[in-house]
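Shown here: protein.pdb, PDB, C-alpha atoms.
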MODEL        1
ATOM      1  CA  MET J   1      -5.784 -14.834   8.614  1.00  0.00           C
ATOM      2  CA  THR J   2      -5.278 -11.060   8.543  1.00  0.00           C
ATOM      3  CA  HIS J   3      -5.855  -8.795   5.538  1.00  0.00           C
ATOM      4  CA  ARG J   4      -2.077  -8.518   5.124  1.00  0.00           C
ATOM      5  CA  GLU J   5      -1.545 -12.275   5.199  1.00  0.00           C
ATOM      6  CA  ASN J   6      -4.368 -12.657   2.696  1.00  0.00           C
ATOM      7  CA  CYS J   7      -2.511 -10.330   0.280  1.00  0.00           C
ATOM      8  CA  THR J   8       0.848 -12.045   0.694  1.00  0.00           C
ATOM      9  CA  PRO J   9       0.633 -14.629  -2.121  1.00  0.00           C
ATOM     10  CA  GLU J  10      -0.174 -11.981  -4.745  1.00  0.00           C
ATOM     11  CA  VAL J  11       2.410  -9.528  -3.400  1.00  0.00           C
ATOM     12  CA  GLU J  12       5.088 -12.246  -3.412  1.00  0.00           C
ATOM     13  CA  LYS J  13       4.112 -13.337  -6.931  1.00  0.00           C
ATOM     14  CA  GLN J  14       4.326  -9.792  -8.319  1.00  0.00           C
ATOM     15  CA  LEU J  15       7.613  -9.037  -6.526  1.00  0.00           C
ATOM     16  CA  ASN J  16       9.159 -12.217  -7.918  1.00  0.00           C
ATOM     17  CA  LEU J  17       7.982 -11.369 -11.449  1.00  0.00           C
ATOM     18  CA  PHE J  18       9.302  -7.820 -11.047  1.00  0.00           C
ATOM     19  CA  GLY J  19      12.654  -9.012  -9.707  1.00  0.00           C
ATOM     20  CA  THR J  20      13.445  -7.117  -6.519  1.00  0.00           C
ATOM     21  CA  LYS J  21      17.004  -6.544  -5.342  1.00  0.00           C
ATOM     22  CA  PRO J  22      18.441  -5.642  -1.939  1.00  0.00           C
ATOM     23  CA  GLY J  23      18.455  -1.896  -1.400  1.00  0.00           C
ATOM     24  CA  MET J  24      15.404  -1.164  -3.561  1.00  0.00           C
ATOM     25  CA  LYS J  25      13.010   1.337  -2.011  1.00  0.00           C
ATOM     26  CA  VAL J  26       9.415   0.338  -1.319  1.00  0.00           C
ATOM     27  CA  LEU J  27       6.470   2.479  -0.203  1.00  0.00           C
ATOM     28  CA  GLU J  28       3.404   0.949   1.415  1.00  0.00           C
ATOM     29  CA  LEU J  29       0.271   3.091   1.346  1.00  0.00           C
ATOM     30  CA  GLY J  30      -2.064   2.913   4.337  1.00  0.00           C
ATOM     31  CA  PRO J  31      -0.559   0.259   6.634  1.00  0.00           C
ATOM     32  CA  TYR J  32      -1.974   1.610   9.911  1.00  0.00           C
ATOM     33  CA  THR J  33       0.238   0.243  12.690  1.00  0.00           C
ATOM     34  CA  ASP J  34       0.660  -3.163  11.104  1.00  0.00           C
ATOM     35  CA  ILE J  35       4.333  -4.046  10.574  1.00  0.00           C
ATOM     36  CA  TYR J  36       3.672  -7.308   8.711  1.00  0.00           C
ATOM     37  CA  PHE J  37       5.034  -6.179   5.343  1.00  0.00           C
ATOM     38  CA  LYS J  38       7.866  -4.201   6.915  1.00  0.00           C
ATOM     39  CA  LYS J  39       9.213  -7.518   8.183  1.00  0.00           C
ATOM     40  CA  LYS J  40       8.670  -9.158   4.789  1.00  0.00           C
ATOM     41  CA  PHE J  41      10.466  -6.422   2.863  1.00  0.00           C
ATOM     42  CA  VAL J  42      13.233  -5.478   5.274  1.00  0.00           C
ATOM     43  CA  HIS J  43      14.152  -8.870   6.716  1.00  0.00           C
ATOM     44  CA  GLU J  44      13.363 -11.202   3.835  1.00  0.00           C
ATOM     45  CA  ARG J  45      14.191  -9.013   0.810  1.00  0.00           C
ATOM     46  CA  GLU J  46      16.596  -6.444   2.318  1.00  0.00           C
ATOM     47  CA  MET J  47      14.653  -3.547   0.805  1.00  0.00           C
ATOM     48  CA  LYS J  48      14.354  -0.026   2.207  1.00  0.00           C
ATOM     49  CA  TYR J  49      10.785   0.194   3.513  1.00  0.00           C
ATOM     50  CA  THR J  50       8.702   3.348   3.983  1.00  0.00           C
ATOM     51  CA  SER J  51       5.026   3.574   4.873  1.00  0.00           C
ATOM     52  CA  ILE J  52       2.385   6.266   5.087  1.00  0.00           C
ATOM     53  CA  ASP J  53      -0.930   6.286   6.904  1.00  0.00           C
ATOM     54  CA  ARG J  54      -3.408   9.052   7.568  1.00  0.00           C
ATOM     55  CA  PHE J  55      -3.956   8.193  11.242  1.00  0.00           C
ATOM     56  CA  GLN J  56      -0.907   6.749  12.959  1.00  0.00           C
ATOM     57  CA  CYS J  57       2.570   5.322  12.560  1.00  0.00           C
ATOM     58  CA  ASN J  58       4.534   2.505  14.035  1.00  0.00           C
ATOM     59  CA  GLY J  59       8.263   3.000  14.075  1.00  0.00           C
ATOM     60  CA  GLU J  60      10.997   4.336  11.855  1.00  0.00           C
ATOM     61  CA  GLY J  61      10.228   5.074   8.215  1.00  0.00           C
ATOM     62  CA  CYS J  62       6.540   5.693   8.861  1.00  0.00           C
ATOM     63  CA  TYR J  63       4.848   8.963   7.955  1.00  0.00           C
ATOM     64  CA  ILE J  64       1.439  10.406   8.722  1.00  0.00           C
ATOM     65  CA  GLY J  65      -0.176  11.738   5.564  1.00  0.00           C
ATOM     66  CA  LEU J  66      -2.639  11.112   2.769  1.00  0.00           C
ATOM     67  CA  MET J  67      -2.331   8.673  -0.111  1.00  0.00           C
ATOM     68  CA  GLU J  68      -3.866  11.417  -2.251  1.00  0.00           C
ATOM     69  CA  ALA J  69      -1.034  13.884  -1.466  1.00  0.00           C
ATOM     70  CA  LEU J  70       2.206  12.010  -0.813  1.00  0.00           C
ATOM     71  CA  PRO J  71       5.001  14.025   0.861  1.00  0.00           C
ATOM     72  CA  PHE J  72       7.768  12.403  -1.209  1.00  0.00           C
ATOM     73  CA  PRO J  73       9.682  13.672  -4.256  1.00  0.00           C
ATOM     74  CA  ALA J  74       8.882  12.302  -7.703  1.00  0.00           C
ATOM     75  CA  ASN J  75      10.629   9.070  -8.722  1.00  0.00           C
ATOM     76  CA  SER J  76      11.480   8.117  -5.115  1.00  0.00           C
ATOM     77  CA  PHE J  77      10.466   4.435  -4.977  1.00  0.00           C
ATOM     78  CA  ASP J  78      11.065   1.230  -6.936  1.00  0.00           C
ATOM     79  CA  VAL J  79       7.856  -0.341  -5.609  1.00  0.00           C
ATOM     80  CA  VAL J  80       4.653   1.355  -4.443  1.00  0.00           C
ATOM     81  CA  PHE J  81       1.868  -0.841  -3.146  1.00  0.00           C
ATOM     82  CA  ALA J  82      -1.314  -0.873  -1.117  1.00  0.00           C
ATOM     83  CA  CYS J  83      -2.877  -3.930   0.484  1.00  0.00           C
ATOM     84  CA  HIS J  84      -6.514  -3.439   1.502  1.00  0.00           C
ATOM     85  CA  ALA J  85      -5.974   0.329   1.653  1.00  0.00           C
ATOM     86  CA  PHE J  86      -7.124   1.701  -1.704  1.00  0.00           C
ATOM     87  CA  GLU J  87     -10.763   1.248  -0.695  1.00  0.00           C
ATOM     88  CA  HIS J  88     -10.173   3.817   2.079  1.00  0.00           C
ATOM     89  CA  THR J  89      -9.453   6.761  -0.209  1.00  0.00           C
ATOM     90  CA  GLU J  90     -12.145   9.227  -1.133  1.00  0.00           C
ATOM     91  CA  ARG J  91     -10.110  10.351  -4.147  1.00  0.00           C
ATOM     92  CA  PRO J  92      -8.926   7.180  -5.928  1.00  0.00           C
ATOM     93  CA  VAL J  93      -7.784   8.959  -9.090  1.00  0.00           C
ATOM     94  CA  ASP J  94      -5.585  11.331  -7.064  1.00  0.00           C
ATOM     95  CA  THR J  95      -4.192   8.357  -5.159  1.00  0.00           C
ATOM     96  CA  ILE J  96      -3.219   6.597  -8.383  1.00  0.00           C
ATOM     97  CA  ARG J  97      -1.654   9.800  -9.760  1.00  0.00           C
ATOM     98  CA  GLU J  98       0.377  10.310  -6.584  1.00  0.00           C
ATOM     99  CA  ALA J  99       1.509   6.689  -6.475  1.00  0.00           C
ATOM    100  CA  HIS J 100       2.616   6.949 -10.106  1.00  0.00           C
ATOM    101  CA  ARG J 101       4.375  10.274  -9.433  1.00  0.00           C
ATOM    102  CA  VAL J 102       6.579   8.862  -6.652  1.00  0.00           C
ATOM    103  CA  LEU J 103       7.275   5.632  -8.557  1.00  0.00           C
ATOM    104  CA  ARG J 104      10.519   5.474 -10.517  1.00  0.00           C
ATOM    105  CA  PRO J 105      10.243   4.776 -14.245  1.00  0.00           C
ATOM    106  CA  GLY J 106       9.969   1.026 -14.755  1.00  0.00           C
ATOM    107  CA  GLY J 107       8.887   0.499 -11.124  1.00  0.00           C
ATOM    108  CA  LEU J 108       6.147  -1.750  -9.787  1.00  0.00           C
ATOM    109  CA  LEU J 109       2.775  -0.256  -8.788  1.00  0.00           C
ATOM    110  CA  LEU J 110       0.493  -2.725  -7.011  1.00  0.00           C
ATOM    111  CA  PHE J 111      -2.951  -2.141  -5.494  1.00  0.00           C
ATOM    112  CA  ILE J 112      -4.664  -5.127  -3.879  1.00  0.00           C
ATOM    113  CA  THR J 113      -8.259  -4.567  -2.815  1.00  0.00           C
ATOM    114  CA  PRO J 114     -10.812  -6.990  -1.400  1.00  0.00           C
ATOM    115  CA  PRO J 115     -13.230  -8.496  -3.919  1.00  0.00           C
ATOM    116  CA  HIS J 116     -16.534  -6.613  -4.088  1.00  0.00           C
ATOM    117  CA  GLY J 117     -18.579  -7.525  -1.028  1.00  0.00           C
ATOM    118  CA  GLU J 118     -15.712  -9.083   0.937  1.00  0.00           C
ATOM    119  CA  HIS J 119     -15.894  -8.035   4.592  1.00  0.00           C
ATOM    120  CA  HIS J 120     -19.109  -6.211   3.732  1.00  0.00           C
ATOM    121  CA  ILE J 121     -17.058  -3.314   2.385  1.00  0.00           C
ATOM    122  CA  ILE J 122     -19.357  -0.491   3.394  1.00  0.00           C
ATOM    123  CA  LYS J 123     -20.043  -1.805   6.911  1.00  0.00           C
ATOM    124  CA  ALA J 124     -16.718  -3.388   7.898  1.00  0.00           C
ATOM    125  CA  ASP J 125     -14.791  -0.208   8.642  1.00  0.00           C
ATOM    126  CA  HIS J 126     -16.184   3.240   9.202  1.00  0.00           C
ATOM    127  CA  ASP J 127     -14.052   4.624   6.378  1.00  0.00           C
ATOM    128  CA  HIS J 128     -14.432   2.000   3.647  1.00  0.00           C
ATOM    129  CA  ILE J 129     -15.342   3.652   0.381  1.00  0.00           C
ATOM    130  CA  ASN J 130     -17.118   1.731  -2.373  1.00  0.00           C
ATOM    131  CA  VAL J 131     -14.715   2.442  -5.243  1.00  0.00           C
ATOM    132  CA  ALA J 132     -17.327   1.199  -7.730  1.00  0.00           C
ATOM    133  CA  THR J 133     -19.542   4.170  -6.840  1.00  0.00           C
ATOM    134  CA  GLU J 134     -19.317   7.218  -9.091  1.00  0.00           C
ATOM    135  CA  ILE J 135     -17.515  10.107  -7.452  1.00  0.00           C
TER     136      ILE J 135
ENDMDL
END

For this file, write the structure as structure tokens.
Amino acid sequence: MTHRENCTPEVEKQLNLFGTKPGMKVLELGPYTDIYFKKKFVHEREMKYTSIDRFQCNGEGCYIGLMEALPFPANSFDVVFACHAFEHTERPVDTIREAHRVLRPGGLLLFITPPHGEHHIIKADHDHINVATEI
């Protein structure tokens, strides 16, 4: 099971509680080239999907940039979420501020991170950051 598939039950639960509608705009932070959630949002929920990653993009609606400095206007998205991406930011407070800035009032902000120690956080990826460490 991939990281994305592992996040799916919680993402689905929160989206159902929030009450998504076709045409709502969603921003995924840090998806790399994985299009798993694009399919879930676009095909299953008929939402307008945008993603941002600092390294690479895969297809339309994908931007290269930092979670800590999003290139979108304020109040642009109904849903902003990150699945196993928040632990890759060196500036978590800036990331949260930016996510909140681009989120419309009353929108859904969702960060899903692996439990402490899962995938041996520090060793699994070269850029995993231990968010429990003081910065």

Query raised in the report: So what do you get for CA of Val26 in chain J versus CA of Ser76 in chain J, distance-wise?
Result: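 If I compute the distance from CA of Val26 in chain J to CA of Ser76 in chain J, I get 8.9 Å.
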
**Report entry** Between CA of Ile96 in chain J and CA of Thr8 in chain J, distance in Å (one decimal)
**Finding:** 21.1 Å

Report task. List the residues matched by the PyMOL selection byres ((chain J and resi 69) around 12) in the displayed structure as a list in words, ordered by chain and then by residue number. Result ->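 Given this file, the PyMOL selection byres ((chain J and resi 69) around 12) evaluates to Leu29, Ile52, Asp53, Arg54, Ile64, Gly65, Leu66, Met67, Glu68, Leu70, Pro71, Phe72, Pro73, Ala74, Thr89, Arg91, Pro92, Val93, Asp94, Thr95, Ile96, Arg97, Glu98, Ala99, His100, Arg101 and Val102 of chain J.
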
**Report entry** Test item: residues at most 7 Å from range 23-25 of chain J, all atoms listed in the file, excluding those fewer than 2 positions along its chain, as a PyMOL selection string
**Finding:** chain J and resi 20-21+27+46-49+77-79

Requested in this report: Between CA of Ala85 in chain J and CA of Phe111 in chain J, measure the distance and give it in Å to one decimal.
Outcome: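 CA of Phe111 in chain J lies 8.1 Å from CA of Ala85 in chain J.
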
Requested in this report: Compare J:Pro105, J:His88, J:Gly59, J:Glu28 by their minimum atom-to-atom distance to Phe41 in chain J, counting only C-alpha atoms, and give me the closest one.
Outcome: J:Glu28
